[in-house]
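*Asks:* This is the structure, below, for whatever I ask next.
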Amino acid sequence: MFLLIPIIIAWVIIESSPAFALVMQDTSEDRHRARSGMNVSQGFGELEAIEFVGLNETAKEDLIGVIVSRESDLSFTRRLTYYYYENFRRNPSTPKQVIQTLSKVQKDLEEELLYFNPDKASDDSVALLKYLDQNGFHNATVTWKFEYNLSTYQNTLTFYIDEGPRAQIDTVVYRGLYKVPDSVLKEINDVRDIERGDPYSEAGFEKELRAIVAVLQNNGYYRAYFEPPVVSISDDGRHDTLLAKIEPGSRVRIRQIVFTEDLNGYPSVNESMRRRQLEFREGDWYSKLKLNQTRASLISLGCFEIVAIDTITVVFLDSTDMSDADSAVAIEVFTRNAKVYDVGTNLLVFQTAVDNYLNVGVGATAQYKNTFGGAQVTSITAQYILQDISRAFQSQTLESEALLSFVLAWPNMARVGGIRLGLQTNTYYSYRLLTYPFRLASFGLGGRLPVNLYSYTVFNGFDLNLSLERQVPENFDQALGTALNDAKTVQDTATVLSTFNQFSVLDAYLKNPNSMWFTGIYPGFNFRGEHRDNPVNPRRGYFLNFSVEGGFGAGEFVRFQFFNAAVTTLDSRLILATKVKLGHIQLLNFKPGSAIDTNTYVPLERQFFAGGAASIRSYPSRLLHDPHSGVVDLENNSQENIYSNVVGSGTLIELGIELRYTFARPRGWNALWASIVEKSGITFFIDAGNAFNRLTVDLYGTMRFEDVYKGSVLAAGLGYRFDTPVGPIRIDYATSVYDPLRTEGQWIFRGRTNIMGGSNWQISIGLGHAF
């Protein structure tokens, strides 16, 4: 501890000590250099800061990438050793070995020091003028100055910029498109963004030219290109005329498709499977976009280490034996096969779809690709998983699951009307500890038919699902007996029987010799719309999911769920995200008031729960229920933990809004610590909602409209985020601003005691954003 004191003192001194001062000089070169003023005084020194003064329309971040001068990025180690070296060497009694060691550390870290170079500063001023000129500031001037800044105690290189007026586009002329058909011209007009009166930008002009050429290359003109554009500047530098010549070349169709396969020592992928990945066919106009889409589809099969698609030289003759090379091309689809088998063990850290629960565990997998020659994938997996680990930080017992599964996936078994159809089957056995001593054993067969729709539609994919399951509760009689023994009154006994009704129904179903072996058949469908720029850490876009599932067997119901998450960029470092999650289970064989004939059974994983790291974050996982239609009324609440873990609700409403701020990379810090800060961020969030219509005989169907606003919790909190390749690790700390389950102090500032106490706040941990 005492060793840290001199280090901290040294750090404070280092941070406040002046460095070396110096200033600059004048040079000139061509039109730009003539307008860049430079002046320097004698000497050179370390370059500690770079500033831009006078910017109005141009961002500093854009100019940093233009110049070559860079600030020193000194590590804490160098700053600390430099301080001790300078002080110890003045002391004659300092051991020589100490001075040598500190000197060696300084020498080893010399590459961290960056020094001012007036030639570089002059070149930078020219580069800045060129950049400004390319963005319409034709009358801009740039001067620079290098000096010791008395306010920041740093040697600072300052660029003084006068942007002047920005030129506007007066005329845009494209030549060379007179032979292009009207249908293609219409597509070209759709991608054009530049209009008369827009501020001039060379990058924007070239971007539009590339977009025009891309349209041509996707409509048969595979040799299309544009010549360097010409920009005419008015005498006053305020108006620009743009002229570009585009060479479409001949329009060609695909005459032949050739498949070439390099086996690379592994089994062949049959040609019919490879052909189904094609987005083009013989007779189509050549399209660079479709070639790229085909390549992406082939790579996604996972059977190839190399995929290359390009034109090849083939001589085509027309009816007069003349070469037809100007109107037809041949396409070669080359693939090199990859390793087909893989065996391994791994540590599992993942979040569930839609619900975003964070699970951890260990697993072992054996996988074989291209099982039947059609890129089919078979795998056998054994896993042990701890589910929703944020519960461990909420004083709750974790659920565990041992899982053995066999999966057969056929990524593309057919193609109908341009839409690819896949198939994925899953056979599994699961053994779950829900809450001691209650366990649930499950066996199931499942099939999923994923269909990808067009990317520009709201829903760009849907799934057809069918699963057959057999669930067997273990120690059910013991759990029920314990709950009944804890019942103090006749009302308590009735409540226990009502709560355990769904498992009583399942238990009776399993004991009935006339029941089918599977306890449930569950057909359903799911529509999904993925429009985020990055599913792991999005900055803009939205995700939609709507599912409907029916249940037949021990329980009969229809389950609906809707989920929408939208993300908007407010600033380069500030993002706004919103969530809407709604769900309802309609029981088909529910008889209110009858504890004997009523069937409230719904499989546990299909019930709705509220609270937790991806739900209402001011409540522990699964412990939030509407006070009117969700709370089990018992005088002895010792069994509430069992009820919360095994009896969910039939209706769910959740809303969320979150502001996400990411820190900028600090200057002058050690690279490691600067990287940590750069990957970090904070959030402010608001969650609202609850779970209603508890799946018990007494509570299901008792939800009222007023419960939506009277029974919903309003939570708010702060969070920390650290970005990783698999998504941000997040820690959230939240409290209930309004909590209808409290008997006193429902509003945080109206009678609630110990507002800042730990009992009033909830911590949760997750991987990936909450929504």
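By order of appearance in the structure tokens: chains A, B, ..., then residues from 1 within every chain, and ligands from 1 in the order shown.
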Which of segment 644-680 of chain A counts as helix (DSSP H, G or I) under DSSP, as an MDAnalysis selection string please?

*Replies:* chainID A and resid 644:646 671:678

*Asks:* Name the residues in contact with Tyr341 of chain A at a cut-off of 8 Å, using only C-alpha atoms, excluding same-chain residues fewer than 6 positions from it; report them as a PyMOL selection string.

*Replies:* chain A and resi 366-369

*Asks:* Could you write out that same residue set with all heavy atoms as a PDB file, in the first residue's frame?

*Replies:*
ATOM      1  N   ALA A 366     -19.218 -33.207 -31.690  1.00  0.00           N
ATOM      2  CA  ALA A 366     -18.636 -33.885 -32.848  1.00  0.00           C
ATOM      3  C   ALA A 366     -19.506 -33.536 -34.046  1.00  0.00           C
ATOM      4  O   ALA A 366     -20.729 -33.750 -34.016  1.00  0.00           O
ATOM      5  CB  ALA A 366     -18.583 -35.392 -32.624  1.00  0.00           C
ATOM      6  N   GLN A 367     -18.878 -32.996 -35.095  1.00  0.00           N
ATOM      7  CA  GLN A 367     -19.644 -32.501 -36.244  1.00  0.00           C
ATOM      8  C   GLN A 367     -19.057 -33.035 -37.542  1.00  0.00           C
ATOM      9  O   GLN A 367     -17.835 -33.170 -37.678  1.00  0.00           O
ATOM     10  CB  GLN A 367     -19.616 -30.973 -36.257  1.00  0.00           C
ATOM     11  CG  GLN A 367     -20.456 -30.332 -37.350  1.00  0.00           C
ATOM     12  CD  GLN A 367     -20.345 -28.822 -37.332  1.00  0.00           C
ATOM     13  OE1 GLN A 367     -19.361 -28.257 -37.776  1.00  0.00           O
ATOM     14  NE2 GLN A 367     -21.370 -28.154 -36.789  1.00  0.00           N
ATOM     15  N   TYR A 368     -19.972 -33.357 -38.481  1.00  0.00           N
ATOM     16  CA  TYR A 368     -19.544 -33.795 -39.809  1.00  0.00           C
ATOM     17  C   TYR A 368     -20.363 -33.036 -40.849  1.00  0.00           C
ATOM     18  O   TYR A 368     -21.600 -33.058 -40.821  1.00  0.00           O
ATOM     19  CB  TYR A 368     -19.754 -35.302 -39.995  1.00  0.00           C
ATOM     20  CG  TYR A 368     -19.105 -35.838 -41.253  1.00  0.00           C
ATOM     21  CD1 TYR A 368     -17.787 -36.266 -41.249  1.00  0.00           C
ATOM     22  CD2 TYR A 368     -19.807 -35.891 -42.451  1.00  0.00           C
ATOM     23  CE1 TYR A 368     -17.172 -36.747 -42.402  1.00  0.00           C
ATOM     24  CE2 TYR A 368     -19.205 -36.363 -43.618  1.00  0.00           C
ATOM     25  CZ  TYR A 368     -17.895 -36.789 -43.581  1.00  0.00           C
ATOM     26  OH  TYR A 368     -17.304 -37.241 -44.728  1.00  0.00           O
ATOM     27  N   LYS A 369     -19.652 -32.352 -41.762  1.00  0.00           N
ATOM     28  CA  LYS A 369     -20.310 -31.598 -42.821  1.00  0.00           C
ATOM     29  C   LYS A 369     -20.354 -32.420 -44.097  1.00  0.00           C
ATOM     30  O   LYS A 369     -19.525 -33.284 -44.316  1.00  0.00           O
ATOM     31  CB  LYS A 369     -19.563 -30.285 -43.078  1.00  0.00           C
ATOM     32  CG  LYS A 369     -19.439 -29.388 -41.859  1.00  0.00           C
ATOM     33  CD  LYS A 369     -18.574 -28.179 -42.172  1.00  0.00           C
ATOM     34  CE  LYS A 369     -18.350 -27.323 -40.938  1.00  0.00           C
ATOM     35  NZ  LYS A 369     -17.463 -26.176 -41.209  1.00  0.00           N
TER      36      LYS A 369
END

*Asks:* Pick the closest to Lys120 of chain A from A:Leu398, A:Ala140, A:Val646, A:Leu47: which is it, counting only C-alpha atoms?

*Replies:*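 So, comparing all the options, the nearest one is A:Leu47.
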
*Asks:* To one decimal place, how far is atom CA of Ser300 of chain A from atom CA of Gln376 of chain A in Å?

*Replies:*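 For atom CA of Ser300 of chain A relative to atom CA of Gln376 of chain A, the distance reads 12.1 Å.
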
*Asks:* Could you list, as a PyMOL selection string, every residue within 9 Å of Val231 of chain A, counting only C-alpha atoms and ignoring same-chain residues fewer than 3 positions away?

*Replies:* chain A and resi 240-244

*Asks:* Given the selection you just returned, output its residues as a file containing N, CA and C atoms, formatted as a short mmCIF file (atom, residue, chain, number, x, y, z; two decimals), in the first residue's frame.

*Replies:*
data_model
loop_
_atom_site.label_atom_id
_atom_site.label_comp_id
_atom_site.auth_asym_id
_atom_site.auth_seq_id
_atom_site.Cartn_x
_atom_site.Cartn_y
_atom_site.Cartn_z
N ASP A 240 -19.47 25.15 -58.89
CA ASP A 240 -18.75 24.07 -59.56
C ASP A 240 -19.63 23.42 -60.62
N THR A 241 -19.05 23.12 -61.75
CA THR A 241 -19.72 22.35 -62.81
C THR A 241 -19.02 20.99 -62.91
N LEU A 242 -19.80 19.92 -62.85
CA LEU A 242 -19.25 18.57 -62.83
C LEU A 242 -19.51 17.88 -64.16
N LEU A 243 -18.47 17.27 -64.70
CA LEU A 243 -18.58 16.55 -65.96
C LEU A 243 -17.90 15.20 -65.80
N ALA A 244 -18.63 14.13 -66.14
CA ALA A 244 -18.07 12.79 -66.04
C ALA A 244 -18.45 11.99 -67.28
#

*Asks:* How many Å separate atom CA of Ile686 of chain A from atom CA of Gln586 of chain A?

*Replies:*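 Atom CA of Gln586 of chain A lies 29.1 Å from atom CA of Ile686 of chain A.
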
*Asks:* Find the residues near Arg70 of chain A: any atom within 12 Å, counting only C-alpha atoms, skip ones fewer than 6 places away on the same chain, and give them as an MDAnalysis selection string.

*Replies:* chainID A and resid 46:51 64 112:117 120:121 124 156:157 667:668

*Asks:* Got a sec: who's within 8 Å of Arg196 of chain A, counting only C-alpha atoms, leaving out chain neighbours fewer than 5 positions off, as a ChimeraX atom specification?

*Replies:* /A:168-172

*Asks:* Just list the residues in segment 380-621 of chain A DSSP gives strand (DSSP E) on the backbone, as a PyMOL selection string.

*Replies:* chain A and resi 380-387+399-416+419-435+438-452+461-474+520-530+541-553+557-571+574-587

*Asks:* How many Å lie between atom CA of Gly529 of chain A and atom CA of Tyr542 of chain A, rounded to one decimal?

*Replies:*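 Between atom CA of Gly529 of chain A and atom CA of Tyr542 of chain A the gap works out to 7.9 Å.
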
*Asks:* Of the candidates A:Glu271, A:Pro538, A:Gly45, A:Asn219, which one gets nearest to Ser72 of chain A if we count only C-alpha atoms?

*Replies:* A:Gly45

*Asks:* Which residue, A:Asn475, A:Ser618, A:Ala610, A:Asn526, has the smallest gap to Asn460 of chain A when you use only C-alpha atoms?

*Replies:* A:Asn526

*Asks:* Need the shell around Gly220 of chain A: protein/DNA/RNA residues with any atom at most 7 Å away, counting only C-alpha atoms. Skip same-chain ones fewer than 5 positions apart. Format as a PyMOL selection string?

*Replies:* chain A and resi 251-253+285-287

*Asks:* Considering only C-alpha atoms, can you say which of A:Thr101, A:Arg192, A:Asn56, A:Glu658 comes closest to Glu163 of chain A?

*Replies:*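 So, comparing all the options, the nearest one is A:Asn56.
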
*Asks:* Name the residues in contact with Ser442 of chain A at a cut-off of 6 Å, using only C-alpha atoms, excluding same-chain residues fewer than 4 positions from it; report them as a list in words.

*Replies:*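 In the requested format, the answer is Tyr429, Ser430, Arg470 and Gln471 of chain A.
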
*Asks:* Looking at A:Thr569, A:Asn485, A:Asn270, A:Ser467, which one is nearest to Phe525 of chain A, with distances taken over only C-alpha atoms?

*Replies:*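 Between A:Thr569, A:Asn485, A:Asn270, A:Ser467, the residue approaching Phe525 of chain A most closely is A:Ser467.
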
*Asks:* Can you work out which one of A:Val258, A:Met273, A:Ile312, A:Leu347 has the shortest atom-to-atom distance to Ala414 of chain A, counting only C-alpha atoms?

*Replies:*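 Smallest distance to Ala414 of chain A is found for A:Met273.
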
*Asks:* May I have a table of the residues of segment 604-633 of chain A lying at most 10 Å from segment 698-709 of chain A, giving each one's closest pair of atoms and their distance in Å to one decimal, counting only C-alpha atoms, ordered by chain and ascending residue number, as a tab-separated table?

*Replies:*
residue	atom	partner	partner_atom	distance
A:Asp626	CA	A:Asp707	CA	7.5
A:Pro627	CA	A:Asp707	CA	8.6
A:His628	CA	A:Met703	CA	7.1
A:Ser629	CA	A:Met703	CA	5.3
A:Gly630	CA	A:Leu699	CA	6.3
A:Val631	CA	A:Leu699	CA	8.1
A:Val632	CA	A:Leu699	CA	8.1

*Asks:* Just to be explicit: take each residue in the selection above, keep N, CA, C and O atoms, and write the result as a PDB file, in the first residue's frame.

*Replies:*
ATOM      1  N   ASP A 626     -47.737  -9.369 -11.655  1.00  0.00           N
ATOM      2  CA  ASP A 626     -48.781  -8.374 -11.419  1.00  0.00           C
ATOM      3  C   ASP A 626     -49.445  -8.631 -10.073  1.00  0.00           C
ATOM      4  O   ASP A 626     -49.835  -9.762  -9.781  1.00  0.00           O
ATOM      5  N   PRO A 627     -49.578  -7.598  -9.222  1.00  0.00           N
ATOM      6  CA  PRO A 627     -50.164  -7.816  -7.886  1.00  0.00           C
ATOM      7  C   PRO A 627     -51.604  -8.309  -7.922  1.00  0.00           C
ATOM      8  O   PRO A 627     -52.060  -8.952  -6.978  1.00  0.00           O
ATOM      9  N   HIS A 628     -52.331  -8.015  -9.003  1.00  0.00           N
ATOM     10  CA  HIS A 628     -53.734  -8.437  -9.064  1.00  0.00           C
ATOM     11  C   HIS A 628     -53.911  -9.819  -9.690  1.00  0.00           C
ATOM     12  O   HIS A 628     -54.626 -10.670  -9.158  1.00  0.00           O
ATOM     13  N   SER A 629     -53.253 -10.051 -10.830  1.00  0.00           N
ATOM     14  CA  SER A 629     -53.501 -11.305 -11.546  1.00  0.00           C
ATOM     15  C   SER A 629     -52.286 -12.239 -11.569  1.00  0.00           C
ATOM     16  O   SER A 629     -52.277 -13.215 -12.314  1.00  0.00           O
ATOM     17  N   GLY A 630     -51.280 -11.950 -10.689  1.00  0.00           N
ATOM     18  CA  GLY A 630     -50.089 -12.775 -10.768  1.00  0.00           C
ATOM     19  C   GLY A 630     -49.494 -13.220  -9.460  1.00  0.00           C
ATOM     20  O   GLY A 630     -48.625 -14.083  -9.445  1.00  0.00           O
ATOM     21  N   VAL A 631     -49.920 -12.657  -8.331  1.00  0.00           N
ATOM     22  CA  VAL A 631     -49.296 -12.981  -7.058  1.00  0.00           C
ATOM     23  C   VAL A 631     -50.086 -14.066  -6.353  1.00  0.00           C
ATOM     24  O   VAL A 631     -51.294 -13.944  -6.142  1.00  0.00           O
ATOM     25  N   VAL A 632     -49.374 -15.156  -6.004  1.00  0.00           N
ATOM     26  CA  VAL A 632     -49.991 -16.255  -5.249  1.00  0.00           C
ATOM     27  C   VAL A 632     -50.218 -15.789  -3.816  1.00  0.00           C
ATOM     28  O   VAL A 632     -49.284 -15.324  -3.150  1.00  0.00           O
TER      29      VAL A 632
END
